[in-house]
file target-v8.txt (compact mmCIF, C-alpha atoms (C1' of nucleotides))
# COMPACT_ATOMS: atom_id res chain seq x y z
CA MET A 1 362.79 125.69 110.24
CA VAL A 2 363.27 121.98 109.69
CA LEU A 3 366.81 121.89 111.05
CA ASP A 4 365.66 123.36 114.36
CA GLN A 5 363.57 120.30 115.11
CA VAL A 6 366.14 117.83 113.85
CA TYR A 7 369.01 119.23 115.91
CA ALA A 8 366.79 119.68 118.96
CA ALA A 9 365.71 116.06 118.57
CA ILE A 10 369.22 114.64 118.41
CA ALA A 11 370.45 116.90 121.21
CA ASP A 12 368.93 114.47 123.70
CA PRO A 13 371.10 111.41 124.44
CA THR A 14 368.11 109.12 124.97
CA ARG A 15 366.76 110.05 121.57
CA ARG A 16 370.14 109.49 119.93
CA ALA A 17 370.20 106.07 121.59
CA ILE A 18 366.71 105.36 120.25
CA LEU A 19 367.96 106.19 116.78
CA GLY A 20 370.82 103.81 117.43
CA VAL A 21 368.41 101.00 118.24
CA LEU A 22 366.26 101.83 115.23
CA ALA A 23 369.32 101.63 112.99
CA GLY A 24 369.18 97.89 113.67
CA GLY A 25 365.73 97.62 112.11
CA GLU A 26 362.05 98.10 112.89
CA VAL A 27 361.15 98.02 116.58
CA LYS A 28 357.98 98.35 118.66
CA VAL A 29 357.57 101.19 121.15
CA GLY A 30 357.39 98.66 123.99
CA THR A 31 360.60 96.95 122.93
CA LEU A 32 362.29 100.32 123.02
CA ALA A 33 360.82 101.04 126.44
CA ASP A 34 362.35 97.83 127.84
CA ARG A 35 365.80 98.99 126.75
CA PHE A 36 365.74 102.35 128.52
CA PRO A 37 365.72 103.22 132.21
CA ILE A 38 362.79 105.61 131.92
CA SER A 39 359.07 104.96 131.91
CA PHE A 40 357.14 103.61 128.95
CA ASN A 41 355.41 106.97 128.66
CA GLY A 42 358.73 108.74 128.67
CA VAL A 43 359.90 106.67 125.73
CA SER A 44 356.59 107.26 123.97
CA LYS A 45 357.12 111.00 124.27
CA HIS A 46 360.67 110.78 122.93
CA VAL A 47 359.40 108.80 119.97
CA LYS A 48 356.82 111.47 119.27
CA VAL A 49 359.55 114.11 119.24
CA LEU A 50 361.57 112.07 116.75
CA GLU A 51 358.44 111.63 114.65
CA ARG A 52 357.66 115.35 114.64
CA ALA A 53 361.25 116.00 113.57
CA GLY A 54 360.69 113.64 110.65
CA LEU A 55 363.37 111.18 111.74
CA VAL A 56 361.09 108.25 112.45
CA THR A 57 357.90 106.82 110.93
CA ARG A 58 355.26 104.74 112.61
CA ARG A 59 353.37 101.78 111.14
CA VAL A 60 350.41 100.79 113.29
CA ARG A 61 349.85 97.06 113.05
CA GLY A 62 346.91 96.21 115.28
CA ARG A 63 347.73 97.36 118.78
CA GLU A 64 351.45 97.44 118.08
CA HIS A 65 353.21 100.52 116.75
CA TRP A 66 356.31 99.67 114.75
CA LEU A 67 358.91 102.37 114.34
CA ARG A 68 361.28 102.81 111.47
CA LEU A 69 364.16 105.18 110.82
CA LYS A 70 363.62 107.84 108.14
CA PRO A 71 367.07 109.04 107.12
CA ALA A 72 366.17 111.94 104.81
CA ARG A 73 366.08 114.68 107.43
CA LEU A 74 369.23 113.47 109.12
CA ARG A 75 370.94 113.62 105.77
CA ALA A 76 369.86 117.24 105.47
CA ALA A 77 371.22 117.95 108.94
CA ALA A 78 374.49 116.25 108.05
CA ARG A 79 374.69 118.30 104.90
CA TRP A 80 374.39 121.59 106.80
CA LEU A 81 377.24 120.63 109.11
CA GLU A 82 379.23 119.22 106.24
CA HIS A 83 379.03 122.56 104.48
CA TYR A 84 380.65 124.21 107.49
CA ARG A 85 383.21 121.46 107.88
CA GLU A 86 384.46 121.90 104.34
CA PHE A 87 384.62 125.64 104.76
CA TRP A 88 386.65 125.37 107.91
CA ASP A 89 388.96 122.66 106.75
CA THR A 90 390.12 124.87 103.93
CA ARG A 91 389.74 128.49 104.87
CA LEU A 92 389.50 128.74 108.60
CA GLU A 93 392.28 126.48 109.70
CA ALA A 94 394.66 128.54 107.64
CA LEU A 95 393.23 131.67 109.22
CA GLU A 96 393.68 130.17 112.65
CA ALA A 97 397.28 129.40 111.92
CA LEU A 98 397.81 132.99 110.84
CA LEU A 99 396.06 134.49 113.84
CA THR A 100 397.85 132.38 116.44
CA ARG A 101 401.29 132.79 114.94
CA ARG A 102 401.91 136.19 116.49
CA PRO A 103 400.00 136.79 119.76
CA MET B 1 377.92 114.38 126.77
CA VAL B 2 379.64 116.81 124.47
CA LEU B 3 377.30 116.24 121.54
CA ASP B 4 374.30 117.17 123.67
CA GLN B 5 375.53 120.72 124.04
CA VAL B 6 376.66 121.05 120.44
CA TYR B 7 373.36 119.89 118.94
CA ALA B 8 371.35 121.91 121.45
CA ALA B 9 373.44 124.95 120.52
CA ILE B 10 372.90 124.64 116.78
CA ALA B 11 369.20 123.81 117.21
CA ASP B 12 368.54 127.54 117.61
CA PRO B 13 368.33 129.46 114.31
CA THR B 14 369.78 132.65 115.81
CA ARG B 15 372.81 130.73 117.00
CA ARG B 16 373.25 129.06 113.63
CA ALA B 17 373.13 132.52 112.08
CA ILE B 18 375.75 133.74 114.56
CA LEU B 19 377.99 130.88 113.49
CA GLY B 20 377.36 131.96 109.93
CA VAL B 21 378.57 135.47 110.68
CA LEU B 22 381.57 134.15 112.57
CA ALA B 23 382.50 132.02 109.59
CA GLY B 24 383.41 135.31 107.94
CA GLY B 25 386.03 136.05 110.57
CA GLU B 26 386.45 137.46 114.06
CA VAL B 27 383.64 139.70 115.26
CA LYS B 28 382.83 141.70 118.42
CA VAL B 29 379.74 140.91 120.47
CA GLY B 30 378.35 144.35 119.71
CA THR B 31 378.81 143.94 115.98
CA LEU B 32 376.85 140.72 116.21
CA ALA B 33 374.15 142.44 118.25
CA ASP B 34 373.69 145.06 115.52
CA ARG B 35 372.97 142.32 113.00
CA PHE B 36 370.17 140.59 114.93
CA PRO B 37 366.68 141.78 115.81
CA ILE B 38 367.04 140.93 119.50
CA SER B 39 368.60 142.84 122.36
CA PHE B 40 372.34 143.10 122.99
CA ASN B 41 371.92 140.99 126.10
CA GLY B 42 370.02 138.38 124.15
CA VAL B 43 372.92 138.04 121.75
CA SER B 44 375.36 137.96 124.66
CA LYS B 45 373.46 135.01 126.11
CA HIS B 46 373.47 133.16 122.79
CA VAL B 47 377.20 133.68 122.53
CA LYS B 48 377.64 132.23 125.99
CA VAL B 49 375.72 129.13 124.95
CA LEU B 50 377.94 128.71 121.90
CA GLU B 51 380.98 129.18 124.11
CA ARG B 52 379.84 126.58 126.62
CA ALA B 53 379.27 124.18 123.73
CA GLY B 54 382.88 124.76 122.68
CA LEU B 55 381.95 126.21 119.29
CA VAL B 56 383.26 129.72 119.89
CA THR B 57 386.19 131.26 121.72
CA ARG B 58 386.46 134.71 123.19
CA ARG B 59 389.50 136.98 123.16
CA VAL B 60 389.08 139.95 125.50
CA ARG B 61 390.91 142.95 124.11
CA GLY B 62 390.32 145.83 126.50
CA ARG B 63 386.60 146.38 126.75
CA GLU B 64 385.92 144.58 123.51
CA HIS B 65 385.26 140.86 123.36
CA TRP B 66 386.24 139.33 120.03
CA LEU B 67 384.66 136.05 119.08
CA ARG B 68 386.12 133.38 116.89
CA LEU B 69 384.78 130.11 115.51
CA LYS B 70 386.23 126.92 116.97
CA PRO B 71 385.45 124.19 114.45
CA ALA B 72 386.63 121.09 116.36
CA ARG B 73 383.37 120.31 118.12
CA LEU B 74 381.30 120.92 115.01
CA ARG B 75 383.51 118.49 113.20
CA ALA B 76 382.76 115.91 115.89
CA ALA B 77 379.05 116.59 115.51
CA ALA B 78 379.31 116.26 111.75
CA ARG B 79 381.18 113.01 112.17
CA TRP B 80 378.41 111.49 114.32
CA LEU B 81 375.79 112.34 111.72
CA GLU B 82 378.07 111.25 108.92
CA HIS B 83 378.44 107.86 110.53
CA TYR B 84 374.67 107.42 110.44
CA ARG B 85 374.37 108.77 106.94
CA GLU B 86 376.84 106.26 105.56
CA PHE B 87 375.17 103.43 107.42
CA TRP B 88 371.77 104.34 106.05
CA ASP B 89 372.90 105.04 102.54
CA THR B 90 374.17 101.50 102.24
CA ARG B 91 372.18 99.24 104.51
CA LEU B 92 368.93 100.99 105.28
CA GLU B 93 367.91 102.16 101.87
CA ALA B 94 368.15 98.58 100.67
CA LEU B 95 366.08 97.53 103.68
CA GLU B 96 363.52 100.19 102.88
CA ALA B 97 363.26 98.96 99.31
CA LEU B 98 362.68 95.44 100.59
CA LEU B 99 360.08 96.47 103.14
CA THR B 100 358.05 98.64 100.80
CA ARG B 101 358.08 96.18 97.92
CA ARG B 102 355.26 94.03 99.29
CA PRO B 103 352.88 95.91 101.63
C1' DA C 1 331.71 89.07 127.04
C1' DG C 2 335.50 90.00 129.71
C1' DT C 3 340.47 90.41 130.61
C1' DA C 4 345.11 91.31 129.28
C1' DT C 5 348.16 93.93 126.24
C1' DA C 6 350.13 98.00 123.67
C1' DT C 7 349.85 102.36 123.31
C1' DT C 8 348.37 107.35 123.58
C1' DC C 9 346.30 111.31 126.08
C1' DT C 10 345.96 114.45 129.91
C1' DA C 11 347.69 116.54 133.76
C1' DC C 12 351.20 117.64 136.65
C1' DC C 13 356.12 118.87 138.38
C1' DA C 14 360.79 120.78 138.45
C1' DC C 15 363.99 122.62 135.41
C1' DT C 16 365.65 124.94 131.29
C1' DT C 17 365.36 128.38 127.64
C1' DG C 18 364.91 132.54 124.88
C1' DG C 19 363.79 136.78 125.73
C1' DT C 20 363.52 141.21 128.34
C1' DT C 21 365.15 145.19 131.58
C1' DG C 22 368.14 147.39 134.86
C1' DA C 23 372.33 147.50 137.46
C1' DA C 24 377.27 146.51 137.79
C1' DT C 25 382.04 146.24 135.96
C1' DA C 26 385.83 147.50 133.24
C1' DT C 27 388.14 150.14 129.69
C1' DT C 28 388.78 154.23 126.87
C1' DG C 29 389.05 159.09 125.85
C1' DA C 30 388.39 164.20 126.97
C1' DT D 1 388.53 162.79 137.21
C1' DC D 2 384.44 162.15 134.66
C1' DA D 3 381.55 160.60 130.92
C1' DA D 4 380.94 157.40 127.22
C1' DT D 5 381.46 152.70 125.55
C1' DA D 6 381.39 147.49 125.62
C1' DT D 7 380.15 144.08 127.96
C1' DT D 8 378.50 140.81 131.73
C1' DC D 9 375.54 139.76 135.76
C1' DA D 10 371.17 139.26 138.12
C1' DA D 11 366.42 139.01 138.23
C1' DC D 12 362.38 138.11 136.06
C1' DC D 13 358.77 136.09 132.74
C1' DA D 14 356.37 133.05 129.47
C1' DA D 15 356.93 129.01 127.08
C1' DG D 16 359.05 124.60 126.42
C1' DT D 17 361.18 120.03 128.12
C1' DG D 18 362.03 115.59 130.31
C1' DG D 19 360.13 113.13 133.49
C1' DT D 20 356.26 110.96 136.18
C1' DA D 21 351.40 108.78 137.13
C1' DG D 22 346.78 107.73 135.99
C1' DA D 23 342.95 107.42 132.76
C1' DA D 24 341.42 106.37 128.16
C1' DT D 25 341.50 103.80 123.77
C1' DA D 26 342.03 100.10 120.77
C1' DT D 27 343.29 95.40 119.78
C1' DA D 28 343.93 90.46 120.92
C1' DC D 29 343.07 86.25 123.51
C1' DT D 30 340.26 82.93 126.12
call {"tool": "encode", "arguments": {"input": "target-v8.txt", "output": "structure tokens"}}
result
Amino acid sequence: MVLDQVYAAIADPTRRAILGVLAGGEVKVGTLADRFPISFNGVSKHVKVLERAGLVTRRVRGREHWLRLKPARLRAAARWLEHYREFWDTRLEALEALLTRRP
Amino acid sequence: MVLDQVYAAIADPTRRAILGVLAGGEVKVGTLADRFPISFNGVSKHVKVLERAGLVTRRVRGREHWLRLKPARLRAAARWLEHYREFWDTRLEALEALLTRRP
DNA sequence: AGTATATTCTACCACTTGGTTGAATATTGA
DNA sequence: TCAATATTCAACCAAGTGGTAGAATATACT
């Protein structure tokens, strides 16, 4: 399933932070690596995970790899959660109120 | 971080399905177990993960453990994604249009 | 041509995870 | 009291993960 990879990808705080940096625009892998307290290779691996999840694209320009955010999948992930949120806001909160009224 | 556990929890399709069942109302662990093609203990472990992530609460009634959805954390998770979605919808899609206009 | 730069690939490690099975605990009912 | 029921706990296993280090690859610069 697509959502599996997306949620697994954003479950890691480093990867969420990478997405945060990428939200500011295109960035090289090395530039990312400078910003994080792990090894270059570690960052490279995280980027690959984000790529496999479809959250990031890579544009190889000579020896530099430029990374860009790809919002489509994250939108899908947001939509899944949103579906639940709406459901709960209406139905479940009322149910909760009912259930906790008399213990 | 709280989000780590929430996203890791919903990255597993079985656990997302469990949340789906729980959206229909309170359910016993055993009832859940009947609905999934894994062992009782497997389901019990998944429930524990959801509990640790703060997505589910347990009400022990005699020997039965009744599970209930706890939407707060999922709302927080949705909010984080939503923040990104809004950002991208406005700023990044325009950026993407700009960047892909002239290759 | 040779060196520096940017990056991946491979291999390794400790830890976690999703799954199992079997034993333990607690409650219910005869 | 004893057996059945509902569940967790503990141990184990194979596979995956986040991290590292070192070698390999490809590009750029002098």
call {"tool": "interface_residues", "arguments": {"input": "target-v8.txt", "of": "chain B", "to": "chain C", "cutoff": "10 Å", "atoms": "all atoms listed in the file", "output": "PDB file with C-alpha atoms, keeping the file's coordinate frame"}}
result
ATOM      1  CA  ASP B  12     368.540 127.540 117.610  1.00  0.00           C
ATOM      2  CA  ILE B  38     367.040 140.930 119.500  1.00  0.00           C
ATOM      3  CA  SER B  39     368.600 142.840 122.360  1.00  0.00           C
ATOM      4  CA  ASN B  41     371.920 140.990 126.100  1.00  0.00           C
ATOM      5  CA  GLY B  42     370.020 138.380 124.150  1.00  0.00           C
ATOM      6  CA  LYS B  45     373.460 135.010 126.110  1.00  0.00           C
ATOM      7  CA  HIS B  46     373.470 133.160 122.790  1.00  0.00           C
ATOM      8  CA  ARG B  61     390.910 142.950 124.110  1.00  0.00           C
ATOM      9  CA  GLY B  62     390.320 145.830 126.500  1.00  0.00           C
ATOM     10  CA  ARG B  63     386.600 146.380 126.750  1.00  0.00           C
ATOM     11  CA  GLU B  64     385.920 144.580 123.510  1.00  0.00           C
TER      12      GLU B  64
END
call {"tool": "atom_distance", "arguments": {"input": "target-v8.txt", "atom1": "CA of Leu81 in chain B", "atom2": "CA of Arg16 in chain A"}}
result
10.4 Å
call {"tool": "atom_distance", "arguments": {"input": "target-v8.txt", "atom1": "CA of Phe87 in chain A", "atom2": "CA of Pro71 in chain B"}}
result
9.8 Å
call {"tool": "interface_residues", "arguments": {"input": "target-v8.txt", "of": "chain A", "to": "chain B", "cutoff": "7 Å", "atoms": "only C-alpha atoms", "output": "PyMOL selection string"}}
result
chain A and resi 3-5+7-8+10-13+71+75+78+81-82+85+88
call {"tool": "atom_distance", "arguments": {"input": "target-v8.txt", "atom1": "C1' of DA21 in chain D", "atom2": "CA of Gly30 in chain A"}}
result
17.6 Å
call {"tool": "axis_aligned_box", "arguments": {"input": "target-v8.txt", "around": "range 9-14 of chain C", "padding_each_side": "8 Å", "output": "AutoDock Vina command-line options"}}
result
--center_x 353.4 --center_y 116.0 --center_z 132.3 --size_x 30.8 --size_y 25.5 --size_z 28.4
call {"tool": "build_atoms", "arguments": {"input": "target-v8.txt", "residues": "range 61-74 of chain B", "atoms": "N, CA and C atoms", "output": "tab-separated table (two decimals), keeping the file's coordinate frame"}}
result
chain	number	residue	atom	x	y	z
B	61	ARG	N	389.92	141.96	124.50
B	61	ARG	CA	390.91	142.95	124.11
B	61	ARG	C	390.41	144.28	124.65
B	62	GLY	N	390.87	144.64	125.87
B	62	GLY	CA	390.32	145.83	126.50
B	62	GLY	C	388.88	145.61	126.85
B	63	ARG	N	388.03	146.55	126.45
B	63	ARG	CA	386.60	146.38	126.75
B	63	ARG	C	385.86	145.64	125.66
B	64	GLU	N	386.56	145.30	124.62
B	64	GLU	CA	385.92	144.58	123.51
B	64	GLU	C	386.18	143.08	123.63
B	65	HIS	N	385.13	142.32	123.35
B	65	HIS	CA	385.26	140.86	123.36
B	65	HIS	C	385.15	140.36	121.93
B	66	TRP	N	386.24	139.83	121.41
B	66	TRP	CA	386.24	139.33	120.03
B	66	TRP	C	385.98	137.84	120.03
B	67	LEU	N	385.10	137.45	119.13
B	67	LEU	CA	384.66	136.05	119.08
B	67	LEU	C	385.21	135.38	117.83
B	68	ARG	N	385.60	134.12	118.02
B	68	ARG	CA	386.12	133.38	116.89
B	68	ARG	C	385.52	131.98	116.87
B	69	LEU	N	385.28	131.46	115.69
B	69	LEU	CA	384.78	130.11	115.51
B	69	LEU	C	385.81	129.09	115.95
B	70	LYS	N	385.35	127.99	116.52
B	70	LYS	CA	386.23	126.92	116.97
B	70	LYS	C	385.67	125.62	116.39
B	71	PRO	N	386.14	125.22	115.23
B	71	PRO	CA	385.45	124.19	114.45
B	71	PRO	C	385.51	122.77	115.00
B	72	ALA	N	386.39	122.49	115.95
B	72	ALA	CA	386.63	121.09	116.36
B	72	ALA	C	385.34	120.36	116.74
B	73	ARG	N	384.58	120.96	117.64
B	73	ARG	CA	383.37	120.31	118.12
B	73	ARG	C	382.35	120.08	117.01
B	74	LEU	N	382.25	121.07	116.12
B	74	LEU	CA	381.30	120.92	115.01
B	74	LEU	C	381.73	119.78	114.10
